[in-house]
Each structure stands twice: as C-alpha cells, then as structure tokens.
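To start, the structure itself, in structure tokens.
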Amino acid sequence: MADAFGILLRRHRRRLRLTQEALAERAGMSSRSIAEMERSPARGPRPRSLERLAAALGLTGAERDEFVGAGRALFWASRTGGTPGGGPAHGEGTHHESAHGEGPHQEDRGPRGGRPPVRQLPPDLPDFVSRGDELALLRSVLDPPAPGPPDVATAGRAPRLAVLSGPPGVGKTALAVHAGHLLGSRFPDGQLYAALRGTGADPADPAEVLAQLLRVLGVAGAALPAGLDARGGLFRERVAGRRMLLVLDDAGGYRQVEPLLPAEDVAVLVTSRLPLTGLPGVTSIDLEPLPGPAAVELLCRVAGGARVRGEPAAAAELVAACGGLPLAVRIVGARLAARPHWTVETLNLRLADERRRLDELSHGDLAVRPGLHLAHQGLTPVAARAFALLGELDMPSFPEWTAAAFLGAEPGPGAAVVEELLDARLLESIGPDQAGQPRYRFHEVTRLYARERRQAEIGAADWAEALARAARGWLALARRAQERLHCLRLHLDDAAVAVEVTDPRAGELAAARPVEWFEAERGALAAIGAACAEAGLAALARCLAGCCADFHGLRGYYDDWRRATRTARAACRRSGDRAGEAAMLRGLGTCLGELDDLDEAVAALDEALRLSDEVGDRAGAALVSKEIGFMLGLTGRLDQAEAELRGAIDRLGQAGLPLAKAVALTSLGFVLRQRGDTATAVRVVRSALDIARSCGDLFTEAYVLRGLAGALLARGRAGESERAARRAATLFDRVGDPIGTAQSLRTLGEALALPREPGEAEGPERSERTGEGAGARRLAEAEKALAEAAAIFRERGHSWGLALTELSLGEIEARHGQPEAAARLRRSLRHWVREQVPALRARTLVALAVAAGHDGDPAARDLLTEAYELYAALGSPAARDLAARLGLPAPPG
C-alpha cells in the first residue's frame, strides 16, 4: 500500500517533468514532505494535503480517483494500523477531542467506529443532461479552493450552502443527486441525504431528521437527546471538521432547514421550491426548464437516439408541448420507449388536445399532475381562485393588477395573491416589460392544471363575470394608452361601453408610455379579446379589438389586427349587434387593404357600408366610404374612387371628423395625380395639410406630407417633394410608425433620384447640391433611402411596400442602364400580377421597357404596348404618352 501511493506520486510528478521542489511549490508544501511521501515506506498524506497534490498534478477522472484513494488508504492505515480503505480504529477521535478540537489531525478524522464513509445519496440518473452552468456554480460553492496556507485546519468555517429552487418537475432533486455523485471524491468523509417532504401533506419533522442522521453517524438510539436543539448540537459536533456533503431534499421552508445546518466544514445542498435566500451565506440557484436542444437530448437518452433524431421536427414539437420540463420530457420518453410501434408524431397527436395533455403526461408512477396538486393544496382559497381564473386564459404573460381585476379586489390584496402563487412556484416572474411594469406567466404545463381547476371549481357564469371585470380593466387602460398614441384614428371603439381604471398606477403608466404599454400587453389583449368573444361578451370583444386596431395599424401588426376584428365580428354577429358588426367589418376591410387583399377588402367594406346605412350610423358610413375610395384608387378605378372620396369628404366634415377628412383629401390627391391633374392634386393635399396642422396631430400631418411629396413629384417639383418627404419621414419616426417611415423614405428616394429643373429651389443645402457631382450625391442618397425603406418593409412583412420600393429602385437602375434593373423589376411585376393591381403593373412594364432599351432588346416595344393597353383600360392619362411613343392613335377621352 505504501509503495502504491509513493509510486503513483513519483510517476505523475515525473510525467510532468517536475522536481520535488517544483511540485512542492505548486502544492504549497515543503519539498521534504514530498520526499517522505515518495520513499518506501511512504508517509501518509493528510486528506487536505492529498487534495492539494492532486490539483497540483492536474489529475482528473479515474487517475485522480486512483491517486486520492491510495493516499487516503495510506493515511488511515498509518494512523490506525487498519487495512487499505479503512477508517480509524474504534475509539479514535473521542468525544473529548471532538468537543474541544484536541488530538492530532482532528480536522481529517474519518467516520466513527471504523465504519466506511457514509454514502446515502440515491442513485445517479444515467441519462442526466445539460445543467453545465449550474454544476459549475455548485462546484465553486460546495468545493471552493482551500484558503490560506496549506495544512491549516478549517474548523469554524461557515457552512458551504447552496439551494436549488424551481417549480415542480424542473429537476431539482436530479441535479442535486447528480452534483453529489460528481463531487463525491471531494467529500471523503461521506455524503448524507435526507428527504424533507416539505411540499407534501406530511412534512418531515427536523427533530426526526436529525435522529436519522445521527443514527447513520453511529449514535445509538438510546443515546439520542430528546429535544431539537440538543440533537442539532450533537449533529454539529459529530460532523465538525469532516469533509462531508449534506443533501436536504424537498425543503418546505426555513423552519425545516435551519435546525439541520451544521456549523463546521460540511457542505450543504438544499432543494426547495423556494429560493430560501434568507439563509446565511446561501447561494440560490433557480432552475429553468431545459432549453429545446437539451430537452431533445434527454428525450433521446430515454426513448432512443436514432428513433428520436429520425423525426427532428416532431421531437422539437414534443418537448415544446412539455414546456422543457424535465419530468414531463422523461415521461413522454418513457412512454415512447414502452411502445416501440409509436412514432414521435403519434405522441404529439395525443398531446395536441390540451384538455387531455396532463392525462397523457403520466407513465407508471411518473406523473406531472401530483406535484402540481400538492402545490395547489397549499394555497389559500383566494389564491387558489386566482390561480384558476388566471390560468384559464392562454396569455403569454400578464401584469400584477390582473389578479385583483379577476378577483374583484383592491390592488393590495391582488399583489399579495401574486406573491403567494410565486412562493408556491405555480407562477413565474419574468421581470419588467417594455413599459416598466413587472410581468408574470404560467409554465405551459402549470397553465393546463390551472385550467382544469377552473373548469372543476368555477362555473361558467362565475367565470364570465370575472372575465368581464378583467376585460373592462384592460379596456380602460387600452383607452388611456390609445388616447395618447399618434396614429391613424379608425374610430372603431364604442365609448358607450363604460369602463373605469381601477389601478391608478397602471393607468398612469399606460398614459405615460402608450406604445410601450401596448407592446407589453399585445399578447394579453389578444387573449382577453378572444376569451370575451367565446364567452359571449361581444361588446367587450369588439371594443378591445377596435381600441387596439389603431396601435396595430401604427406598428404594422396586421395579423393581430385581422384576427381580433374577425373574432369580434363573429361575436357581434352571434349576439345580433349590427352596429358592432359594421365597425368590425370596416376595421377588417382597412386591415385587408394593408395586407394587399384588395378584393376581399372592398367586399368587407361594402358590407360594412350596407350595415352602417341600415343602423343609421352616418359617421361610420362616411369612414367606410373613405376607405373604399382609397382602395379603388389603388386598383386604378379612378372614376369610382373620386366619386366615393368626394362624397366621403363632405360627410366627414358634417360628422365633425376633421382628421379623417384630411386623410380622405390626401387620398383624393392621389387619385387626381393619377388622372394627370397634378395641379389640383397639390392644391387638394395642401388643404388637407392645413387641417392636420390646425388640429396639431403629428401623425395626420406626416400622412398628408407624404401624400404631398407624391403630388409634388408628379408635378415635376422634385426639390419640394424631397423636403416634404424628409419631414414626413421624421414625423413618422417620432410617432413610432415604421411603415409610415418606410413609405416616406421610398418617396424621398424617388424625389432624390430625379434631376432638378433649372432654377428649382433647393432649400438651405442648395450650394452643396448644385455644384459638380451633386447629381451623383443625390443618386447615392436616393439608393440609401430606398434600401432603408426596403429593409423596414422586409422586417415587417409588408409585401406591398417592398414591391413598390423594388419598383422605385428598378426604375432608377433602368434609367442608368444598370444590369440588375431587369431582375428587380420582374420581382416587382410578379407581385402586381399576383395582386391584380393594373396601374402598378403598367408602371413596372414601362420601367422594364427602359431597361430592355438599354440592352437593345426588341422586346421593349412589346412591354410598352402591354403597358399602354393596361393604362388605356384604366382611362389613365399615361396611355396618351405611351401612344405617342409607340406611334399609335391617342386613346379616346
């Protein structure tokens, strides 16, 4: 045995080409000690010296285990005359020595009575995955580098204490056990384990836990003290100075843990749903569900790698349905392993029905529901009710005031309920949102259990009443935020549905940061609106959809807009609310126009107009006509568009909606310039600008300025168009409208790319722009503005704007003979053909003809002829210009 350790020490030292002096310096020891350990018979190293040597030699894995084992065996044999691997002889380390720290090497004592070290940890999981960061942190806390000079006793150091916290099923115990096995060699004097059952119906009594631990440490039953304090004192005495790990699993709180904490050099690892941050010197590690790739790896290890990796998409979907919860992933993996004839997709289909998913997440004695049930049982009645009500909605997250709204309580008690749910780990805090308010969410699996509790404990009428309270709270805040948005006013909300802000702090926040508030509440508003529609609360559903539509239009969230208005329209139809249905159809038509579905948009608007007339809503009818006129103008039906818009302008003025009138005048200007009446177009849009500025509305001013830039460009006044477009882009950016900004940048790019007429005013930069190279600088700036616009449209998924920007860039490239023009223009052409927009299709064909002409392609005439036919069918003045170029008779009209 002596030769074995000395030989190992000498071999590892020589492998590193270290002298005895060099190794001694690395390990913080004397070279004489090294020499004595290498000679035969060798001197046994103290355990702490042994650890230093292993570290200095860089030993890991099996090599380290062999080295430490040989050294430890030699140490005990040299002191007790025992056998390799044994502890001290019976009686070594008396009670007197233990109590007063006397006797040689007291800090290195082995277990009492010659017993082998205690190894109480449950078996490690062979399929454990991930948690690398947490394991590294646990290693640094439970086994930190020894401070101070070598071989100094560390008795009296504070316990090395870590707490693993997290919701049920997140893998706290698995990580604790895995860490204990991984660090096993660092605790030569043993590993103690106690199940505290803190979240169960019968939590362990700390006095009984101490009795169990003391028996394991060799204290006979008759010698056990009677009281908690006495047992705690004896436990601390028995483990003092020993290198041990104590794992306390499933602690219910401080009272269970504090009496069990040793006062000496024992490392302690606790698992609990609570972080227990009040314990002295604790390092708290809160576990999150596994990320997708790690969850898939766990699934592979349980169910079989080849099988799971053969269906990568289905595997990702399956672990997502489990929310990355290790227990849930382990269960579905076990079910797959038990049923070789199932595919991963088979199990996905079984989990798809949320009402049955918790039933599916069980296998043998493994199940997700029991842990959630235990946590739920510990709630107060009011917290249990809030849990069920909040969980019924499929909200991605929600603010604190929501609990009070559902309960019909004041903000203070509602906040207390949230804290109780957090402590039970049935709710997660995700920190402040964009508006600065704290937000909370349910884990996906926890939400399913909450929904079960709602359906089991709260009736439909009670649920609808609570839902209506919460919906009115959101609507009140949404109105407060909407009032302060700078955006296109769609007038879809119904002020007759009365609400009141019940949490003043939330109301102030919504008013102070409206865009950020809507961004934060976007998912919650969608969920609450859909729930109202399903519960038959049609008025609240349509008011929520209508109030949010202005924000959706401002930020380009067209899918949200379309979904909300369609859902609310269906609810209004079921309840017989014709006025509400008309409003939702108008909102839907406007949204579909933004999504390029012009035919469907006009159909929805036509129905909205019919219903508005039916219920006598003159203002609503005028707003519908404004939208219809705009859509007709886009599709080139200019006569109909002009008539519709002129009628809308008169009625909007009578209805007292000046900003809507300004928008309609801008649309009329667009129609007039397409008809070739550019002078009237400029005059009409300038009148709209006067209205917008008199009202002090930044959004409408930006909207009109963009229209004015287009009219001036058509008039040939590129310099004035450039200045209007710049101002529009600045204002749109200020109010937070990315699509408006991009559209203005596109117009700016077109204005910059056109040559200036002789003597045209250039503004304050005239001297810089009229010298040599000014045209090249303007062209470079034009391409930059258009590239920025395209990037915004692409990011926001605005295909119309992107296709139009591609057209603008293609026109510039075609004029300058750039080879990439044709490919870009054909991409744009495909869009206009698909969306059936003849005016822009014709414009693109003209640009393609220019590009073909640069290449000497005879197809240029065919392209111009096709464009001429489209313009002639539309009655556009552009047809006359093309007829002259083609040598054709001028079209009639």
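Starting from 1 in every chain, residues are counted up; chains themselves are A, B, ... following the order of the structure tokens, and ligands are numbered from 1 as listed.
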
Quick one: DSSP strand (DSSP E or B) residues in stretch 435-683 of chain A, as a list in words?
Pro438, Arg439, Tyr440 and Arg441 of chain A

Go ahead and write the residues just picked, N, CA and C atoms, as an mmCIF file, in the first residue's frame.
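Just written: again-v7.cif:
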data_model
loop_
_atom_site.group_PDB
_atom_site.id
_atom_site.type_symbol
_atom_site.label_atom_id
_atom_site.label_comp_id
_atom_site.auth_asym_id
_atom_site.auth_seq_id
_atom_site.Cartn_x
_atom_site.Cartn_y
_atom_site.Cartn_z
ATOM 1 N N PRO A 438 -43.819 45.017 -13.727
ATOM 2 C CA PRO A 438 -43.461 43.601 -13.547
ATOM 3 C C PRO A 438 -44.478 42.696 -14.230
ATOM 4 N N ARG A 439 -43.978 41.610 -14.813
ATOM 5 C CA ARG A 439 -44.870 40.683 -15.508
ATOM 6 C C ARG A 439 -44.657 39.265 -14.978
ATOM 7 N N TYR A 440 -45.705 38.468 -15.162
ATOM 8 C CA TYR A 440 -45.720 37.103 -14.641
ATOM 9 C C TYR A 440 -46.297 36.177 -15.711
ATOM 10 N N ARG A 441 -45.977 34.897 -15.572
ATOM 11 C CA ARG A 441 -46.513 33.926 -16.519
ATOM 12 C C ARG A 441 -46.629 32.563 -15.850
#

Looking only at the backbone, which of the residues in stretch 260-349 of chain A does DSSP tag as alpha helix (DSSP H), as a VMD selection string?
chain A and resid 292 to 303 305 to 309 312 to 321 326 to 338 344 to 349

Tell me, counting only C-alpha atoms, for each residue of stretch 547-641 of chain A within 12 Å of stretch 726-735 of chain A, which pair of atoms is nearest and how far apart they are in Å to one decimal, in rows ordered by chain and increasing number, as a Markdown table.
| residue | atom | partner | partner_atom | distance |
| --- | --- | --- | --- | --- |
| A:Phe551 | CA | A:Val735 | CA | 11.2 |
| A:Leu554 | CA | A:Val735 | CA | 8.7 |
| A:Arg555 | CA | A:Val735 | CA | 10.1 |

Write the residues of the selection above to a file with N, CA, C and O atoms, as a compact mmCIF listing (two decimals), in the first residue's frame.
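again_30.txt, written as the output of this step:
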# COMPACT_ATOMS: atom_id res chain seq x y z
N PHE A 551 -53.36 50.92 -32.71
CA PHE A 551 -51.98 50.51 -32.41
C PHE A 551 -51.48 49.49 -33.43
O PHE A 551 -50.33 49.57 -33.89
N LEU A 554 -50.51 51.27 -36.47
CA LEU A 554 -49.31 52.08 -36.25
C LEU A 554 -48.05 51.24 -36.35
O LEU A 554 -47.07 51.65 -36.97
N ARG A 555 -48.08 50.05 -35.75
CA ARG A 555 -46.87 49.23 -35.68
C ARG A 555 -46.81 48.15 -36.74
O ARG A 555 -45.86 47.37 -36.79

What lies within 9 Å of stretch 54-57 of chain A using only C-alpha atoms, ignoring chain neighbours under 3 positions off, as a ChimeraX atom specification?
/A:9,12-13,16,23-24,26-27,49-51,60,64,67-68

So which residues touch A:Pro289 within 12 Å, counting only C-alpha atoms, skipping near sequence neighbours fewer than 5 positions away, as a PyMOL selection string?
chain A and resi 130-131+165-172+294-295+319-320+322-329+428+443-445

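When only C-alpha atoms are used to measure the gap to A:Trp832, the shortest distance among A:Phe128, A:Arg309, A:Ala803, A:Val515 belongs to A:Ala803.
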